[in-house]
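Undergrad: My questions all concern the structure below.
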Amino acid sequence: MQKALIVNLDSCTGCGLCQLACSFEKTREFSPTNSRITLSVWPKTAEFVPVVCHQCDPAPCMKACQVPGAMTRDPKTNAVIINPAECINCGVCVTACPYGGIGLDKKKVVFKCDLCGGEPKCVDVCPPKAIIWARPDVASNVIKRISAEKLRAASKRPIK
Amino acid sequence: MPHAYIGRLLYVDLTTGAQRIEPLNLDYARKFIGGKGLAARYLFDILKPGTDPLSPENVFIIMTGPLTGTLAPASAKYCVVTKSPLTNIWLDTHAGGYFGPELKYAGLDGAIITGRAKEPVYLYIEDGTAQIRDAKGLWGKTTSETDTAIKEELGDKMAIVMCIGPAGEKLVKIANISSCYRQHGRGGAGAVMGSKNLKAVAVRGSGGVTVAYPEEFLKACHVVTRKHIFEDPNAEFGIKWGSPSILWWTQESGTLPTRNYQDGQFEGVPKIDADAVLSITIKRHACFQCPICCSNYVAVPSGPYAGTKVDGPEYETLTFLGADLGIDRLDAIAKAHLLCDELGLDAMSAGATIAFAMECYERGILTPKETEGIELNFGNPEALMAMIEKIGKREGLGDILAEGSARAAKIIGKGSERYAVHVKGLEVAAYDPRGSPAMGLAYATADRGGCHLRGWPIGVEAMGSTGSYWMGPALEIDRWGTKNKAQLVINGQNQYYAKFSLEICDFGLWENAPMSYLLWTATGFNEYKDVKAFVLAGERIVNMIRVINVREGVTAKDDTLPTRMFEDPVKTGPAKGHVVKREDFKKMLSDFYALRGWDAEGRPIAKKLEELDMKDITRKLPWLKPSEKR
């Protein structure tokens, strides 16, 4: 069964451990710049948003890519994979992604999340479990429940 | 390139504008770990003894640790080391947040700043290069205004900024440094930046940190996080409530400073405790790379201070802006906390100094004439707000209190010295030593003055901490006795000094073995495979800093406690009737010197320094005989 990576923004504490685990897995260096998941912080107001590839299907990046075989889909995880042997590192996929999910490194090499082959390293290290890795319907139900709790709290009549 | 360290230090002379990069001395790094220890070794080389802390000659060091910027839990800290204008001795002051890791990603382990710029400037570090930039337009701005303005000017919303507020500019001796909404609180480091016309340091980096043994290190990070944080019952308080929960422990043990240390329990605790703080918390906020996430971002929902939003308050601010001022209103504490942060004031020393002034006012030493009509009574939140503003801007009585309680008492006179609760000029932290004699010894012998984070024996002594980690091998401890107390403090100090050199947070880890293991696998310094080397490094750093302090004039008679702790008994609670007995204190201190291998004046002797592999510094120490110098 394929799983989906969904972020629960309410739980994120801004610790950035996801970026450290990710960059270390991919580059053997602790370096947020080279992480496939990117944390943005607004420290003054304690707001944090981790930006991650959503593995869209159909994916705008794949549609935009004009190089045959440079971007393919992993049948096991449904992740969109960059194939370095074919990729010309033009960066068109970076432009095409509506979410900022793809990066270029210092040497202008394209990189993106490949779901670590089905065991995303960011998930294990996330202390508040803000990164949900589950069957897509289960993951979305978690988010629905969180929204429901907000509505419940806002409601004048508490539900018993 | 070394592992865990970047291997590069930035030197900036603000007088000439000259800057250079030098390789990190890896022999120093190996012996002194990083952070405070490493900075101490450099400070010893660079700082001329007797330097005026607010002169261009003072040295301002920013230093990260080997674990900063890695996956190691709760290790994003970094420190500022300088000579304190408040105490005229050693100062290290640490902050979490994002700055330390970003500095390493920018290609530096640290920066050593000297001199004084002709006009206000800030330093912008980007991927190993530094620019000195004009800060005239930033002068006078609060810390959050400065943070925002610098990001705008650089056109980089991701830049990480450490800066001073108006208090640092005005050389307030209890001014702090704000580091991306965390604070280098104690000892007046903000005034040192102000004296150098250095408004801020901004940093941005795109590099990374490598480790020596990647697989071992990665596994260790996972295991340590699980075993020593999530599965350790002693770490639960930080995860569940954050530091406000400590208020329950000090209240229960009767060691909560109340109304300027006149008492050890505060009746208003239920209104300001961790449950109260969580009731107005809208978000938990972690420092970078921290799984604990102890910080509570609160919003005051109603009342005169409605709309106040601030990261905090934490235990020490709940005490020094609350209990120690007789204030039982959380909304007022949050507001006062925000004011201190924005003006750039150490909330602990500011609160403690105002507590001192309140006692003076109630005893008639200060009158409405001096306070300009402010009713400076305990429990008056408006008086607190007004005094914070006055201290931050050096107006009226605030100009005197801006000197800190010890100097303020000397200026005010009339017997007020008795009500200034400080050690070596630094206001004593929020654990009453009258209910914990070893805590008194820890304060008296702490490197930067009355600090609680240089050994924390109170946990074992008075709060029933169960872990053996505070003291290494189990020691038989009786709360009110003196037996084993010096050893308890020494074990705690050795650990804390090593830990704060590794730049692991106070709440991060409390056992030597996992810290030593992380240090070994990250740096590849194989001696740290054995935890004994880690403890020995802690002892080495204690001695290094003691040498610096002795060189600055600290003697045995400075290793003491404020008169109140010896003479005024606690009024209520489990410590009722207790003082720190002078003869007990004398006994503990002489035990301490003996166990430390220091002479009766508290000076490290040549044999001890040789034992700690520090022969190289002996020739610079005037108290050693010529034959003992190398």
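Ordering of the structure tokens sets the chain letters (A, B, ...), residue numbers begin anew at 1 in every chain, and ligands are numbered from 1 in the order given.
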Using only C-alpha atoms, which residues sit within 8 Å of Cys15 (chain A) once same-chain residues fewer than 2 positions away are excluded, as an NGL selection string?
TA: (:A and (12-13 or 17)) or (:B and (285-291 or 293))
Undergrad: Please report, as a ChimeraX atom specification, each residue of region 18-127 of chain B to which DSSP assigns strand (DSSP E or B) when run on this structure's backbone.
TA: /B:18-23,60-64,78-83,90-95,110-114,121-126
Undergrad: With only C-alpha atoms as the atoms that count, which of B:Gly577, B:Gly450, B:Gly190, B:Pro622 lies nearest to Leu345 (chain B)?
TA: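 Going through B:Gly577, B:Gly450, B:Gly190, B:Pro622 one by one, the smallest distance to Leu345 (chain B) is for B:Gly190.
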Undergrad: In terms of the shortest atom-to-atom distance over only C-alpha atoms, which of B:Gly107, B:Gly379, B:Gly168, B:Gly188 is closest to chain A?
TA: B:Gly107
Undergrad: Taking 6 positions as the minimum chain separation for residues in the same chain, which residues sit within 6 Å of Leu108 (chain B) when counting only C-alpha atoms? Answer as a short mmCIF file (atom, residue, chain, number, x, y, z; two decimals) with N, CA and C atoms, in the first residue's frame.
TA:
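Written out: out-v4.cif:
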```
data_model
loop_
_atom_site.label_atom_id
_atom_site.label_comp_id
_atom_site.auth_asym_id
_atom_site.auth_seq_id
_atom_site.Cartn_x
_atom_site.Cartn_y
_atom_site.Cartn_z
N ILE B 6 34.16 23.49 12.06
CA ILE B 6 34.35 23.98 10.70
C ILE B 6 35.85 24.20 10.45
N ARG B 8 37.47 27.15 11.23
CA ARG B 8 37.79 28.54 10.89
C ARG B 8 37.22 29.50 11.92
N LEU B 9 38.03 30.49 12.29
CA LEU B 9 37.57 31.54 13.20
C LEU B 9 37.72 32.89 12.50
#
```
Undergrad: Write out as a ChimeraX atom specification every residue belonging to chain A that has an atom at most 8 Å from any atom of chain B, counting only C-alpha atoms.
TA: /A:13-17,20-21,28-33,40-41,43-44,46,125-128
Undergrad: Please save N, CA and C atoms of the selected residues as a PDB file, in the first residue's frame.
TA:
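Below is the file selection.pdb, written as the result:
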```
ATOM      1  N   THR A  13       7.116  22.434  15.667  1.00  0.00           N
ATOM      2  CA  THR A  13       7.706  23.295  16.693  1.00  0.00           C
ATOM      3  C   THR A  13       8.884  24.104  16.162  1.00  0.00           C
ATOM      4  N   GLY A  14       9.225  23.911  14.904  1.00  0.00           N
ATOM      5  CA  GLY A  14      10.314  24.696  14.309  1.00  0.00           C
ATOM      6  C   GLY A  14      11.702  24.190  14.635  1.00  0.00           C
ATOM      7  N   CYS A  15      11.824  22.934  15.079  1.00  0.00           N
ATOM      8  CA  CYS A  15      13.142  22.445  15.510  1.00  0.00           C
ATOM      9  C   CYS A  15      14.070  22.130  14.338  1.00  0.00           C
ATOM     10  N   GLY A  16      13.478  21.823  13.180  1.00  0.00           N
ATOM     11  CA  GLY A  16      14.319  21.607  11.998  1.00  0.00           C
ATOM     12  C   GLY A  16      15.071  20.282  11.966  1.00  0.00           C
ATOM     13  N   LEU A  17      14.781  19.375  12.916  1.00  0.00           N
ATOM     14  CA  LEU A  17      15.484  18.083  12.902  1.00  0.00           C
ATOM     15  C   LEU A  17      15.230  17.330  11.595  1.00  0.00           C
ATOM     16  N   LEU A  20      17.856  18.151   9.131  1.00  0.00           N
ATOM     17  CA  LEU A  20      19.163  17.589   9.458  1.00  0.00           C
ATOM     18  C   LEU A  20      19.214  16.111   9.119  1.00  0.00           C
ATOM     19  N   ALA A  21      18.127  15.386   9.455  1.00  0.00           N
ATOM     20  CA  ALA A  21      18.070  13.957   9.131  1.00  0.00           C
ATOM     21  C   ALA A  21      18.074  13.769   7.620  1.00  0.00           C
ATOM     22  N   ARG A  28      25.374  13.034   3.593  1.00  0.00           N
ATOM     23  CA  ARG A  28      26.308  12.778   4.698  1.00  0.00           C
ATOM     24  C   ARG A  28      26.812  14.062   5.349  1.00  0.00           C
ATOM     25  N   GLU A  29      26.057  15.141   5.152  1.00  0.00           N
ATOM     26  CA  GLU A  29      26.386  16.413   5.782  1.00  0.00           C
ATOM     27  C   GLU A  29      25.118  16.930   6.445  1.00  0.00           C
ATOM     28  N   PHE A  30      25.277  17.582   7.591  1.00  0.00           N
ATOM     29  CA  PHE A  30      24.118  18.245   8.188  1.00  0.00           C
ATOM     30  C   PHE A  30      24.030  19.637   7.582  1.00  0.00           C
ATOM     31  N   SER A  31      23.083  19.866   6.709  1.00  0.00           N
ATOM     32  CA  SER A  31      23.028  21.121   5.984  1.00  0.00           C
ATOM     33  C   SER A  31      21.603  21.409   5.503  1.00  0.00           C
ATOM     34  N   PRO A  32      20.889  22.286   6.184  1.00  0.00           N
ATOM     35  CA  PRO A  32      19.508  22.583   5.801  1.00  0.00           C
ATOM     36  C   PRO A  32      19.368  22.986   4.333  1.00  0.00           C
ATOM     37  N   THR A  33      20.397  23.666   3.802  1.00  0.00           N
ATOM     38  CA  THR A  33      20.332  24.100   2.399  1.00  0.00           C
ATOM     39  C   THR A  33      20.157  22.921   1.459  1.00  0.00           C
ATOM     40  N   SER A  40      10.701  26.815   6.926  1.00  0.00           N
ATOM     41  CA  SER A  40      10.713  28.275   7.007  1.00  0.00           C
ATOM     42  C   SER A  40      10.219  28.684   8.386  1.00  0.00           C
ATOM     43  N   VAL A  41      10.893  29.663   8.980  1.00  0.00           N
ATOM     44  CA  VAL A  41      10.490  30.067  10.326  1.00  0.00           C
ATOM     45  C   VAL A  41      10.184  31.558  10.384  1.00  0.00           C
ATOM     46  N   PRO A  43      10.298  33.478  13.537  1.00  0.00           N
ATOM     47  CA  PRO A  43      10.547  33.286  14.967  1.00  0.00           C
ATOM     48  C   PRO A  43       9.805  34.286  15.863  1.00  0.00           C
ATOM     49  N   LYS A  44       9.593  35.486  15.364  1.00  0.00           N
ATOM     50  CA  LYS A  44       8.951  36.505  16.211  1.00  0.00           C
ATOM     51  C   LYS A  44       7.559  36.076  16.640  1.00  0.00           C
ATOM     52  N   ALA A  46       6.527  32.800  16.362  1.00  0.00           N
ATOM     53  CA  ALA A  46       6.554  31.353  16.580  1.00  0.00           C
ATOM     54  C   ALA A  46       5.720  30.613  15.542  1.00  0.00           C
ATOM     55  N   VAL A 125      12.472  11.404  12.937  1.00  0.00           N
ATOM     56  CA  VAL A 125      13.087  12.335  13.892  1.00  0.00           C
ATOM     57  C   VAL A 125      12.138  13.452  14.316  1.00  0.00           C
ATOM     58  N   CYS A 126      10.953  13.537  13.724  1.00  0.00           N
ATOM     59  CA  CYS A 126      10.066  14.665  14.045  1.00  0.00           C
ATOM     60  C   CYS A 126       9.478  14.477  15.445  1.00  0.00           C
ATOM     61  N   PRO A 127       9.936  15.287  16.442  1.00  0.00           N
ATOM     62  CA  PRO A 127       9.504  15.025  17.813  1.00  0.00           C
ATOM     63  C   PRO A 127       7.982  15.149  18.016  1.00  0.00           C
ATOM     64  N   PRO A 128       7.321  16.186  17.460  1.00  0.00           N
ATOM     65  CA  PRO A 128       5.869  16.274  17.705  1.00  0.00           C
ATOM     66  C   PRO A 128       5.044  15.474  16.692  1.00  0.00           C
TER      67      PRO A 128
END
```
Undergrad: For Lys76 (chain A), please output as a list in words all residues within 12 Å (counting only C-alpha atoms; exclusion window: fewer than 3 positions along the same chain).
TA: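 Close residues of Lys76 (chain A): Met1, Gln2, Lys3, Thr72, Arg73, Ala79, Val80, Ile81, Asp114, Leu115, Cys116, Gly117, Gly118 and Glu119 of chain A.
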Undergrad: For region 516-531 of chain B, find every residue with an atom within 7 Å (counting only C-alpha atoms), except residues of its own chain fewer than 4 positions away, and show them as a list in words.
TA: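 The filter keeps His3, Ala4, Arg30, Val211, Ala212, Tyr213, Glu216, Phe217, Ala220, Asn512 and Val535 of chain B.
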Undergrad: As an exercise, work out the distance from CA of Pro433 (chain B) to CA of Asp584 (chain B) in Å and give it to one decimal place.
TA: 12.3 Å
